[in-house]
Amino acid sequence: MTSDTVGAMAPMHAAFRRLDIGASDVALAATAKPGESPHDTAAEVTAPINQARWRNRIRATGTVRALKVQVTETGPSLGCEIGDEAGSLLLVFPGRRRIPGIELGARVLVEGMVGLWRRQLAILNPYYELVSD
């Protein structure tokens, strides 16, 4: 290694770049209030659940519709289906049997990367907040 290569970073391979750059802007623009920039309200804006796409981040609010604990040889997982008027999304919490406050009818704000869990769109270990109506 030569001295001029020490500390220099190689450019990131295209396969590892963020995949949601354009998609998140569309979701924010669709739900931003009139007269506001989508980037000014990014922390407050949520997208309808039906806009969840594989390998894209989403921030959505929904009501807990179903809870199910699955126990496998690797351990338990809490599955939580949330929904709004647009659709539903599965939240998976590996290693958990229950989470205080997460119960049927509770409203939650979730954020995370959408992936596949047993052939269904889901967020594993999402960031979540319990919200009031």
# chains A, B, ... in the order shown; residues from 1 in each chain; ligands from 1

call {"tool": "residues_around", "arguments": {"residues": "Leu109 (chain A)", "least_positions_apart": "4", "cutoff": "9 Å", "atoms": "only C-alpha atoms", "output": "PyMOL selection string"}}
result
chain A and resi 46+59-63+127-131

call {"tool": "select_by_dssp", "arguments": {"residues": "region 37-85 of chain A", "states": "strand (DSSP E)", "output": "list in words"}}
result
Arg57, Ile58, Arg59, Ala60, Thr61, Gly62, Thr63, Val64, Arg65, Ala66, Leu67, Lys68, Val69, Gln70, Val71, Thr72, Gly75, Pro76, Ser77, Leu78, Gly79, Cys80, Glu81, Ile82 and Gly83 of chain A

call {"tool": "write_last_selection", "arguments": {"atoms": "N, CA and C atoms", "output": "PDB file, in the first residue's frame"}}
result
ATOM      1  N   ARG A  57     -37.682   2.602   2.673  1.00  0.00           N
ATOM      2  CA  ARG A  57     -38.078   2.999   4.024  1.00  0.00           C
ATOM      3  C   ARG A  57     -39.472   3.592   3.967  1.00  0.00           C
ATOM      4  N   ILE A  58     -40.203   3.428   5.056  1.00  0.00           N
ATOM      5  CA  ILE A  58     -41.528   4.027   5.158  1.00  0.00           C
ATOM      6  C   ILE A  58     -41.727   4.518   6.582  1.00  0.00           C
ATOM      7  N   ARG A  59     -42.493   5.578   6.691  1.00  0.00           N
ATOM      8  CA  ARG A  59     -42.936   6.103   7.989  1.00  0.00           C
ATOM      9  C   ARG A  59     -44.443   6.177   7.883  1.00  0.00           C
ATOM     10  N   ALA A  60     -45.135   5.403   8.698  1.00  0.00           N
ATOM     11  CA  ALA A  60     -46.591   5.296   8.578  1.00  0.00           C
ATOM     12  C   ALA A  60     -47.228   5.185   9.965  1.00  0.00           C
ATOM     13  N   THR A  61     -48.502   5.537  10.011  1.00  0.00           N
ATOM     14  CA  THR A  61     -49.278   5.404  11.234  1.00  0.00           C
ATOM     15  C   THR A  61     -50.434   4.460  10.962  1.00  0.00           C
ATOM     16  N   GLY A  62     -50.687   3.548  11.887  1.00  0.00           N
ATOM     17  CA  GLY A  62     -51.785   2.611  11.716  1.00  0.00           C
ATOM     18  C   GLY A  62     -52.281   2.080  13.041  1.00  0.00           C
ATOM     19  N   THR A  63     -53.334   1.296  12.955  1.00  0.00           N
ATOM     20  CA  THR A  63     -53.947   0.680  14.126  1.00  0.00           C
ATOM     21  C   THR A  63     -53.585  -0.800  14.157  1.00  0.00           C
ATOM     22  N   VAL A  64     -53.252  -1.309  15.330  1.00  0.00           N
ATOM     23  CA  VAL A  64     -52.905  -2.726  15.454  1.00  0.00           C
ATOM     24  C   VAL A  64     -54.168  -3.549  15.209  1.00  0.00           C
ATOM     25  N   ARG A  65     -54.114  -4.413  14.185  1.00  0.00           N
ATOM     26  CA  ARG A  65     -55.260  -5.248  13.815  1.00  0.00           C
ATOM     27  C   ARG A  65     -55.122  -6.685  14.289  1.00  0.00           C
ATOM     28  N   ALA A  66     -53.895  -7.163  14.389  1.00  0.00           N
ATOM     29  CA  ALA A  66     -53.687  -8.565  14.780  1.00  0.00           C
ATOM     30  C   ALA A  66     -52.320  -8.709  15.450  1.00  0.00           C
ATOM     31  N   LEU A  67     -52.239  -9.627  16.386  1.00  0.00           N
ATOM     32  CA  LEU A  67     -50.992  -9.970  17.067  1.00  0.00           C
ATOM     33  C   LEU A  67     -50.834 -11.479  17.053  1.00  0.00           C
ATOM     34  N   LYS A  68     -49.618 -11.945  16.795  1.00  0.00           N
ATOM     35  CA  LYS A  68     -49.384 -13.388  16.781  1.00  0.00           C
ATOM     36  C   LYS A  68     -47.936 -13.657  17.186  1.00  0.00           C
ATOM     37  N   VAL A  69     -47.763 -14.594  18.106  1.00  0.00           N
ATOM     38  CA  VAL A  69     -46.426 -15.010  18.507  1.00  0.00           C
ATOM     39  C   VAL A  69     -46.123 -16.323  17.807  1.00  0.00           C
ATOM     40  N   GLN A  70     -45.007 -16.350  17.098  1.00  0.00           N
ATOM     41  CA  GLN A  70     -44.567 -17.583  16.447  1.00  0.00           C
ATOM     42  C   GLN A  70     -43.295 -18.048  17.137  1.00  0.00           C
ATOM     43  N   VAL A  71     -43.295 -19.298  17.559  1.00  0.00           N
ATOM     44  CA  VAL A  71     -42.133 -19.867  18.212  1.00  0.00           C
ATOM     45  C   VAL A  71     -41.509 -20.880  17.260  1.00  0.00           C
ATOM     46  N   THR A  72     -40.238 -20.681  16.956  1.00  0.00           N
ATOM     47  CA  THR A  72     -39.501 -21.591  16.084  1.00  0.00           C
ATOM     48  C   THR A  72     -38.255 -22.072  16.820  1.00  0.00           C
ATOM     49  N   GLY A  75     -36.243 -19.242  18.180  1.00  0.00           N
ATOM     50  CA  GLY A  75     -36.804 -18.430  19.248  1.00  0.00           C
ATOM     51  C   GLY A  75     -38.139 -17.819  18.853  1.00  0.00           C
ATOM     52  N   PRO A  76     -38.751 -17.077  19.777  1.00  0.00           N
ATOM     53  CA  PRO A  76     -40.063 -16.486  19.483  1.00  0.00           C
ATOM     54  C   PRO A  76     -39.941 -15.220  18.635  1.00  0.00           C
ATOM     55  N   SER A  77     -41.021 -14.895  17.941  1.00  0.00           N
ATOM     56  CA  SER A  77     -41.136 -13.642  17.200  1.00  0.00           C
ATOM     57  C   SER A  77     -42.555 -13.130  17.358  1.00  0.00           C
ATOM     58  N   LEU A  78     -42.689 -11.844  17.664  1.00  0.00           N
ATOM     59  CA  LEU A  78     -43.995 -11.222  17.743  1.00  0.00           C
ATOM     60  C   LEU A  78     -44.312 -10.614  16.388  1.00  0.00           C
ATOM     61  N   GLY A  79     -45.425 -11.047  15.802  1.00  0.00           N
ATOM     62  CA  GLY A  79     -45.913 -10.469  14.556  1.00  0.00           C
ATOM     63  C   GLY A  79     -47.073  -9.557  14.870  1.00  0.00           C
ATOM     64  N   CYS A  80     -47.032  -8.352  14.330  1.00  0.00           N
ATOM     65  CA  CYS A  80     -48.047  -7.346  14.616  1.00  0.00           C
ATOM     66  C   CYS A  80     -48.494  -6.754  13.279  1.00  0.00           C
ATOM     67  N   GLU A  81     -49.758  -6.926  12.948  1.00  0.00           N
ATOM     68  CA  GLU A  81     -50.268  -6.344  11.705  1.00  0.00           C
ATOM     69  C   GLU A  81     -50.906  -5.005  12.024  1.00  0.00           C
ATOM     70  N   ILE A  82     -50.412  -3.956  11.340  1.00  0.00           N
ATOM     71  CA  ILE A  82     -51.039  -2.648  11.497  1.00  0.00           C
ATOM     72  C   ILE A  82     -51.728  -2.289  10.189  1.00  0.00           C
ATOM     73  N   GLY A  83     -52.740  -1.465  10.280  1.00  0.00           N
ATOM     74  CA  GLY A  83     -53.454  -1.071   9.078  1.00  0.00           C
ATOM     75  C   GLY A  83     -54.036   0.318   9.187  1.00  0.00           C
TER      76      GLY A  83
END

call {"tool": "atom_distance", "arguments": {"atom1": "CA of Leu91 (chain A)", "atom2": "CA of Ala52 (chain A)"}}
result
12.1 Å

call {"tool": "closest_residue", "arguments": {"among": "A:Phe93, A:Thr74, A:Ala122, A:Asp133", "to": "Asn50 (chain A)", "atoms": "only C-alpha atoms"}}
result
A:Ala122

call {"tool": "closest_residue", "arguments": {"among": "A:Leu121, A:Ser132, A:Pro48, A:Glu85", "to": "Ala106 (chain A)", "atoms": "only C-alpha atoms"}}
result
A:Ser132

call {"tool": "residues_around", "arguments": {"residues": "Leu116 (chain A)", "least_positions_apart": "6", "cutoff": "12 Å", "atoms": "only C-alpha atoms", "output": "PyMOL selection string"}}
result
chain A and resi 52-56+89-92+122-124
